[in-house]
Amino acid sequence: MSTAGDRRYSREEFALVLRRAAELQSQRGEQPAAADSLAGAEGMSLAEMQAVARDVGIDPARVADAAALLPRAEQDALARYLGGPFRYSLERSVSGALPARASGRILEAIRRAAADQGKTSEVHGALEWRHSDELVKFGVNVTPHDEHTNVQVVMDRGGASFLIGFLTFIPTLLAFVITAASLEPSVAVALGLAAGLAAVWQFAARALLRRNSARWRALAEQVLDASAHAVREHAERPALPAAEQQPGED
């Protein structure tokens, strides 16, 4: 399976990623250049897209976040049709190691951003938080390293998507049964009626799926921002060598 680092993005994907990255940066109160004015080559890597974005004032971290929301190549057609990827991962690296005593503050920031107490565990020094709703598997992993701390938000909304599809299908099926029973149509008319109702079901389901996708994606971005900000506040930066310290520093 390919990773984000070796994936190649089309011009259309480049434009979508840059536009979304600019939106994410604007939400943080920063004003990058207009992403729509940028042109990218076919088959760019994530690092190449980040380099282009950096030149016009778009944070490379926001580019990585936006790229993580794109479905894998083999899922593109289905994801576009159904309203967005069902599974994705957002990740950010923060300079500095996170001390164990800061876990409570990080957890507080996650719970506040997610508006959910969730379930928490610590595994080999890494903090793991899980959303309590089983329909959407949503979690945050905060993993300290020697000189940086990795923050990852993972989401799988397959359960919620299946439920939306099922609940919108039931009324469509009932409408077909009731209409067919009352009209007693011919086979051709019944097939036409079924096709029409199926189109209505697809339209309704896709609209709800897109709305659901946008809602959870926005929440994932909000939780990632809050988590990374809390880690940045409490992470311990390595001390500068004596030769690099400013006069008057200990």
# chains A, B, ... in the order shown; residues from 1 in each chain; ligands from 1

call {"tool": "select_by_dssp", "arguments": {"residues": "stretch 15-224 of chain A", "states": "alpha helix (DSSP H)", "output": "ChimeraX atom specification"}}
result
/A:15-27,46-55,60-68,76-82,103-114,158-183,187-224

call {"tool": "write_last_selection", "arguments": {"atoms": "C-alpha atoms", "output": "mmCIF file, in the first residue's frame"}}
result
data_model
loop_
_atom_site.group_PDB
_atom_site.id
_atom_site.type_symbol
_atom_site.label_atom_id
_atom_site.label_comp_id
_atom_site.auth_asym_id
_atom_site.auth_seq_id
_atom_site.Cartn_x
_atom_site.Cartn_y
_atom_site.Cartn_z
ATOM 1 C CA ALA A 15 -5.690 22.432 -6.704
ATOM 2 C CA LEU A 16 -8.091 20.809 -4.239
ATOM 3 C CA VAL A 17 -5.393 20.283 -1.613
ATOM 4 C CA LEU A 18 -4.065 23.831 -1.893
ATOM 5 C CA ARG A 19 -7.558 25.318 -1.729
ATOM 6 C CA ARG A 20 -8.416 23.270 1.342
ATOM 7 C CA ALA A 21 -5.068 24.064 2.990
ATOM 8 C CA ALA A 22 -5.682 27.786 2.452
ATOM 9 C CA GLU A 23 -9.127 27.428 4.047
ATOM 10 C CA LEU A 24 -7.629 25.655 7.059
ATOM 11 C CA GLN A 25 -5.029 28.387 7.453
ATOM 12 C CA SER A 26 -7.670 31.119 7.147
ATOM 13 C CA GLN A 27 -9.634 29.466 9.947
ATOM 14 C CA LEU A 46 3.369 15.781 -1.125
ATOM 15 C CA ALA A 47 6.794 17.355 -0.513
ATOM 16 C CA GLU A 48 6.642 19.159 -3.874
ATOM 17 C CA MET A 49 3.158 20.499 -3.120
ATOM 18 C CA GLN A 50 4.360 21.694 0.284
ATOM 19 C CA ALA A 51 7.310 23.480 -1.323
ATOM 20 C CA VAL A 52 5.007 25.344 -3.722
ATOM 21 C CA ALA A 53 2.641 26.216 -0.892
ATOM 22 C CA ARG A 54 5.458 27.473 1.345
ATOM 23 C CA ASP A 55 6.554 29.932 -1.357
ATOM 24 C CA PRO A 60 3.094 22.987 4.760
ATOM 25 C CA ALA A 61 1.406 21.388 7.784
ATOM 26 C CA ARG A 62 -1.985 22.544 6.462
ATOM 27 C CA VAL A 63 -1.095 21.018 3.068
ATOM 28 C CA ALA A 64 -0.381 17.676 4.749
ATOM 29 C CA ASP A 65 -3.686 17.891 6.618
ATOM 30 C CA ALA A 66 -5.608 18.636 3.431
ATOM 31 C CA ALA A 67 -3.834 15.868 1.490
ATOM 32 C CA ALA A 68 -4.706 13.379 4.234
ATOM 33 C CA ASP A 76 -11.369 8.167 -5.639
ATOM 34 C CA ALA A 77 -14.369 7.416 -7.860
ATOM 35 C CA LEU A 78 -16.426 5.773 -5.122
ATOM 36 C CA ALA A 79 -15.519 8.435 -2.560
ATOM 37 C CA ARG A 80 -16.482 11.292 -4.889
ATOM 38 C CA TYR A 81 -19.769 9.561 -5.654
ATOM 39 C CA LEU A 82 -20.650 8.885 -2.012
ATOM 40 C CA SER A 103 -0.909 14.165 29.651
ATOM 41 C CA GLY A 104 -3.795 15.555 31.692
ATOM 42 C CA ARG A 105 -3.624 18.947 29.989
ATOM 43 C CA ILE A 106 -3.498 17.364 26.532
ATOM 44 C CA LEU A 107 -6.456 15.143 27.366
ATOM 45 C CA GLU A 108 -8.418 18.143 28.601
ATOM 46 C CA ALA A 109 -7.805 19.969 25.312
ATOM 47 C CA ILE A 110 -8.904 16.927 23.287
ATOM 48 C CA ARG A 111 -12.100 16.448 25.297
ATOM 49 C CA ARG A 112 -12.975 20.123 25.046
ATOM 50 C CA ALA A 113 -12.455 20.244 21.269
ATOM 51 C CA ALA A 114 -14.370 16.994 20.691
ATOM 52 C CA GLY A 158 -18.132 3.568 7.818
ATOM 53 C CA GLY A 159 -20.752 2.592 10.408
ATOM 54 C CA ALA A 160 -22.517 5.948 10.233
ATOM 55 C CA SER A 161 -22.382 5.922 6.425
ATOM 56 C CA PHE A 162 -23.948 2.460 6.287
ATOM 57 C CA LEU A 163 -26.702 3.561 8.670
ATOM 58 C CA ILE A 164 -27.454 6.650 6.574
ATOM 59 C CA GLY A 165 -27.687 4.532 3.431
ATOM 60 C CA PHE A 166 -29.912 1.981 5.142
ATOM 61 C CA LEU A 167 -32.266 4.497 6.751
ATOM 62 C CA THR A 168 -32.756 6.390 3.493
ATOM 63 C CA PHE A 169 -33.323 3.128 1.591
ATOM 64 C CA ILE A 170 -36.195 1.929 3.823
ATOM 65 C CA PRO A 171 -38.594 4.795 2.957
ATOM 66 C CA THR A 172 -37.739 4.366 -0.723
ATOM 67 C CA LEU A 173 -38.507 0.657 -0.572
ATOM 68 C CA LEU A 174 -41.788 1.268 1.274
ATOM 69 C CA ALA A 175 -42.785 3.900 -1.291
ATOM 70 C CA PHE A 176 -42.184 1.411 -4.092
ATOM 71 C CA VAL A 177 -44.165 -1.369 -2.387
ATOM 72 C CA ILE A 178 -47.112 0.887 -1.560
ATOM 73 C CA THR A 179 -47.203 2.463 -5.028
ATOM 74 C CA ALA A 180 -46.877 -0.896 -6.792
ATOM 75 C CA ALA A 181 -49.614 -2.442 -4.637
ATOM 76 C CA SER A 182 -52.055 0.421 -5.277
ATOM 77 C CA LEU A 183 -51.423 0.815 -9.023
ATOM 78 C CA VAL A 187 -43.560 -5.010 -15.471
ATOM 79 C CA ALA A 188 -42.169 -2.167 -17.594
ATOM 80 C CA VAL A 189 -43.899 0.495 -15.507
ATOM 81 C CA ALA A 190 -42.794 -1.201 -12.287
ATOM 82 C CA LEU A 191 -39.199 -1.209 -13.490
ATOM 83 C CA GLY A 192 -39.422 2.455 -14.416
ATOM 84 C CA LEU A 193 -40.908 3.274 -11.019
ATOM 85 C CA ALA A 194 -38.145 1.329 -9.276
ATOM 86 C CA ALA A 195 -35.479 3.142 -11.273
ATOM 87 C CA GLY A 196 -36.991 6.536 -10.438
ATOM 88 C CA LEU A 197 -37.248 5.795 -6.737
ATOM 89 C CA ALA A 198 -33.685 4.415 -6.747
ATOM 90 C CA ALA A 199 -32.471 7.707 -8.223
ATOM 91 C CA VAL A 200 -34.325 9.617 -5.489
ATOM 92 C CA TRP A 201 -32.756 7.370 -2.837
ATOM 93 C CA GLN A 202 -29.264 7.890 -4.261
ATOM 94 C CA PHE A 203 -29.713 11.663 -4.303
ATOM 95 C CA ALA A 204 -30.970 11.764 -0.702
ATOM 96 C CA ALA A 205 -28.320 9.361 0.587
ATOM 97 C CA ARG A 206 -25.456 11.177 -1.131
ATOM 98 C CA ALA A 207 -26.625 14.557 0.200
ATOM 99 C CA LEU A 208 -26.751 13.225 3.753
ATOM 100 C CA LEU A 209 -23.413 11.440 3.373
ATOM 101 C CA ARG A 210 -21.727 14.609 2.154
ATOM 102 C CA ARG A 211 -23.164 16.571 5.053
ATOM 103 C CA ASN A 212 -22.034 13.879 7.488
ATOM 104 C CA SER A 213 -18.566 13.822 5.926
ATOM 105 C CA ALA A 214 -18.183 17.607 6.190
ATOM 106 C CA ARG A 215 -19.299 17.597 9.811
ATOM 107 C CA TRP A 216 -16.885 14.895 10.973
ATOM 108 C CA ARG A 217 -14.016 16.223 8.877
ATOM 109 C CA ALA A 218 -14.419 19.669 10.456
ATOM 110 C CA LEU A 219 -14.450 18.082 13.911
ATOM 111 C CA ALA A 220 -11.303 16.069 13.135
ATOM 112 C CA GLU A 221 -9.496 19.230 12.013
ATOM 113 C CA GLN A 222 -10.671 21.081 15.118
ATOM 114 C CA VAL A 223 -9.456 18.308 17.429
ATOM 115 C CA LEU A 224 -6.110 18.095 15.613
#

call {"tool": "atom_distance", "arguments": {"atom1": "atom CA of A:Arg11", "atom2": "atom CA of A:Gly43"}}
result
7.4 Å

call {"tool": "closest_residue", "arguments": {"among": "A:Glu184, A:Asp59, A:Glu236, A:Asp225", "to": "A:Pro144", "atoms": "only C-alpha atoms"}}
result
A:Glu236

call {"tool": "atom_distance", "arguments": {"atom1": "atom CA of A:Glu233", "atom2": "atom CA of A:Leu90"}}
result
19.8 Å

call {"tool": "residues_around", "arguments": {"residues": "A:Asn150", "least_positions_apart": "5", "cutoff": "9 Å", "atoms": "only C-alpha atoms", "output": "list of chain:residue names"}}
result
A:Glu91, A:Arg92, A:Ser93, A:Val94, A:Ser95, A:Asn141, A:Val142, A:Thr143, A:Pro144, A:His145, A:Ala228

call {"tool": "write_last_selection", "arguments": {"atoms": "N, CA and C atoms", "output": "mmCIF file, in the first residue's frame"}}
result
data_model
loop_
_atom_site.group_PDB
_atom_site.id
_atom_site.type_symbol
_atom_site.label_atom_id
_atom_site.label_comp_id
_atom_site.auth_asym_id
_atom_site.auth_seq_id
_atom_site.Cartn_x
_atom_site.Cartn_y
_atom_site.Cartn_z
ATOM 1 N N GLU A 91 -2.362 14.106 10.576
ATOM 2 C CA GLU A 91 -1.179 13.935 11.414
ATOM 3 C C GLU A 91 -0.354 15.216 11.433
ATOM 4 N N ARG A 92 0.229 15.495 12.602
ATOM 5 C CA ARG A 92 1.078 16.676 12.731
ATOM 6 C C ARG A 92 2.208 16.368 13.711
ATOM 7 N N SER A 93 3.394 16.865 13.411
ATOM 8 C CA SER A 93 4.545 16.682 14.285
ATOM 9 C C SER A 93 4.872 18.013 14.945
ATOM 10 N N VAL A 94 5.009 17.985 16.286
ATOM 11 C CA VAL A 94 5.304 19.186 17.057
ATOM 12 C C VAL A 94 6.696 19.051 17.658
ATOM 13 N N SER A 95 7.500 20.080 17.505
ATOM 14 C CA SER A 95 8.852 20.045 18.040
ATOM 15 C C SER A 95 8.828 19.981 19.559
ATOM 16 N N ASN A 141 -4.123 9.949 18.804
ATOM 17 C CA ASN A 141 -2.916 9.335 19.335
ATOM 18 C C ASN A 141 -1.843 10.409 19.493
ATOM 19 N N VAL A 142 -1.327 10.553 20.703
ATOM 20 C CA VAL A 142 -0.256 11.509 20.981
ATOM 21 C C VAL A 142 0.967 10.700 21.404
ATOM 22 N N THR A 143 1.989 10.682 20.548
ATOM 23 C CA THR A 143 3.150 9.825 20.760
ATOM 24 C C THR A 143 4.422 10.653 20.911
ATOM 25 N N PRO A 144 4.986 10.692 22.118
ATOM 26 C CA PRO A 144 6.228 11.452 22.322
ATOM 27 C C PRO A 144 7.433 10.708 21.747
ATOM 28 N N HIS A 145 8.349 11.462 21.137
ATOM 29 C CA HIS A 145 9.632 10.935 20.682
ATOM 30 C C HIS A 145 10.738 11.740 21.366
ATOM 31 N N ALA A 228 -2.646 19.643 18.880
ATOM 32 C CA ALA A 228 -1.298 20.093 18.529
ATOM 33 C C ALA A 228 -0.946 21.373 19.277
#

call {"tool": "select_by_dssp", "arguments": {"residues": "stretch 98-174 of chain A", "states": "strand (DSSP E)", "output": "VMD selection string"}}
result
chain A and resid 119 to 123 126 to 130 137 to 144 148 to 156

call {"tool": "decode", "arguments": {"residues": "stretch 80-160 of chain A", "atoms": "C-alpha atoms", "output": "compact mmCIF listing (two decimals), in the first residue's frame"}}
result
# COMPACT_ATOMS: atom_id res chain seq x y z
CA ARG A 80 -16.48 11.29 -4.89
CA TYR A 81 -19.77 9.56 -5.65
CA LEU A 82 -20.65 8.88 -2.01
CA GLY A 83 -19.59 12.22 -0.58
CA GLY A 84 -16.04 11.83 0.68
CA PRO A 85 -13.72 9.18 2.12
CA PHE A 86 -15.05 7.01 4.94
CA ARG A 87 -11.60 6.65 6.53
CA TYR A 88 -8.79 9.13 6.86
CA SER A 89 -5.95 10.18 9.11
CA LEU A 90 -4.65 13.65 9.96
CA GLU A 91 -1.18 13.94 11.41
CA ARG A 92 1.08 16.68 12.73
CA SER A 93 4.54 16.68 14.29
CA VAL A 94 5.30 19.19 17.06
CA SER A 95 8.85 20.04 18.04
CA GLY A 96 9.77 19.01 21.57
CA ALA A 97 9.19 15.93 23.73
CA LEU A 98 6.01 15.76 25.79
CA PRO A 99 6.59 15.06 29.50
CA ALA A 100 4.33 12.54 31.24
CA ARG A 101 2.94 15.20 33.58
CA ALA A 102 1.40 17.04 30.62
CA SER A 103 -0.91 14.16 29.65
CA GLY A 104 -3.80 15.55 31.69
CA ARG A 105 -3.62 18.95 29.99
CA ILE A 106 -3.50 17.36 26.53
CA LEU A 107 -6.46 15.14 27.37
CA GLU A 108 -8.42 18.14 28.60
CA ALA A 109 -7.80 19.97 25.31
CA ILE A 110 -8.90 16.93 23.29
CA ARG A 111 -12.10 16.45 25.30
CA ARG A 112 -12.97 20.12 25.05
CA ALA A 113 -12.45 20.24 21.27
CA ALA A 114 -14.37 16.99 20.69
CA ALA A 115 -17.10 17.83 23.25
CA ASP A 116 -16.83 14.26 24.46
CA GLN A 117 -15.22 12.60 27.47
CA GLY A 118 -14.28 9.57 25.38
CA LYS A 119 -12.11 6.70 26.57
CA THR A 120 -8.45 7.17 27.41
CA SER A 121 -5.46 4.86 27.77
CA GLU A 122 -1.68 5.14 27.88
CA VAL A 123 0.43 2.61 25.99
CA HIS A 124 4.22 2.75 26.34
CA GLY A 125 4.10 6.47 27.11
CA ALA A 126 1.71 7.31 24.25
CA LEU A 127 -1.66 8.88 25.05
CA GLU A 128 -4.65 7.37 23.24
CA TRP A 129 -8.14 8.89 23.28
CA ARG A 130 -11.20 7.28 21.66
CA HIS A 131 -14.58 8.77 20.78
CA SER A 132 -17.38 6.92 22.58
CA ASP A 133 -19.77 6.62 19.60
CA GLU A 134 -19.33 3.24 17.91
CA LEU A 135 -20.94 4.40 14.65
CA VAL A 136 -17.95 6.67 14.04
CA LYS A 137 -14.59 5.34 15.20
CA PHE A 138 -12.68 8.48 16.02
CA GLY A 139 -9.47 8.68 17.98
CA VAL A 140 -6.41 10.75 18.84
CA ASN A 141 -2.92 9.33 19.33
CA VAL A 142 -0.26 11.51 20.98
CA THR A 143 3.15 9.83 20.76
CA PRO A 144 6.23 11.45 22.32
CA HIS A 145 9.63 10.94 20.68
CA ASP A 146 13.08 12.15 21.69
CA GLU A 147 12.86 15.59 20.09
CA HIS A 148 9.31 15.79 18.77
CA THR A 149 5.77 14.68 19.56
CA ASN A 150 3.50 13.19 16.92
CA VAL A 151 -0.22 13.97 17.01
CA GLN A 152 -2.52 11.82 14.89
CA VAL A 153 -6.30 11.99 14.47
CA VAL A 154 -7.84 8.90 12.87
CA MET A 155 -11.44 8.48 11.78
CA ASP A 156 -13.59 5.70 10.35
CA ARG A 157 -17.19 6.71 9.73
CA GLY A 158 -18.13 3.57 7.82
CA GLY A 159 -20.75 2.59 10.41
CA ALA A 160 -22.52 5.95 10.23
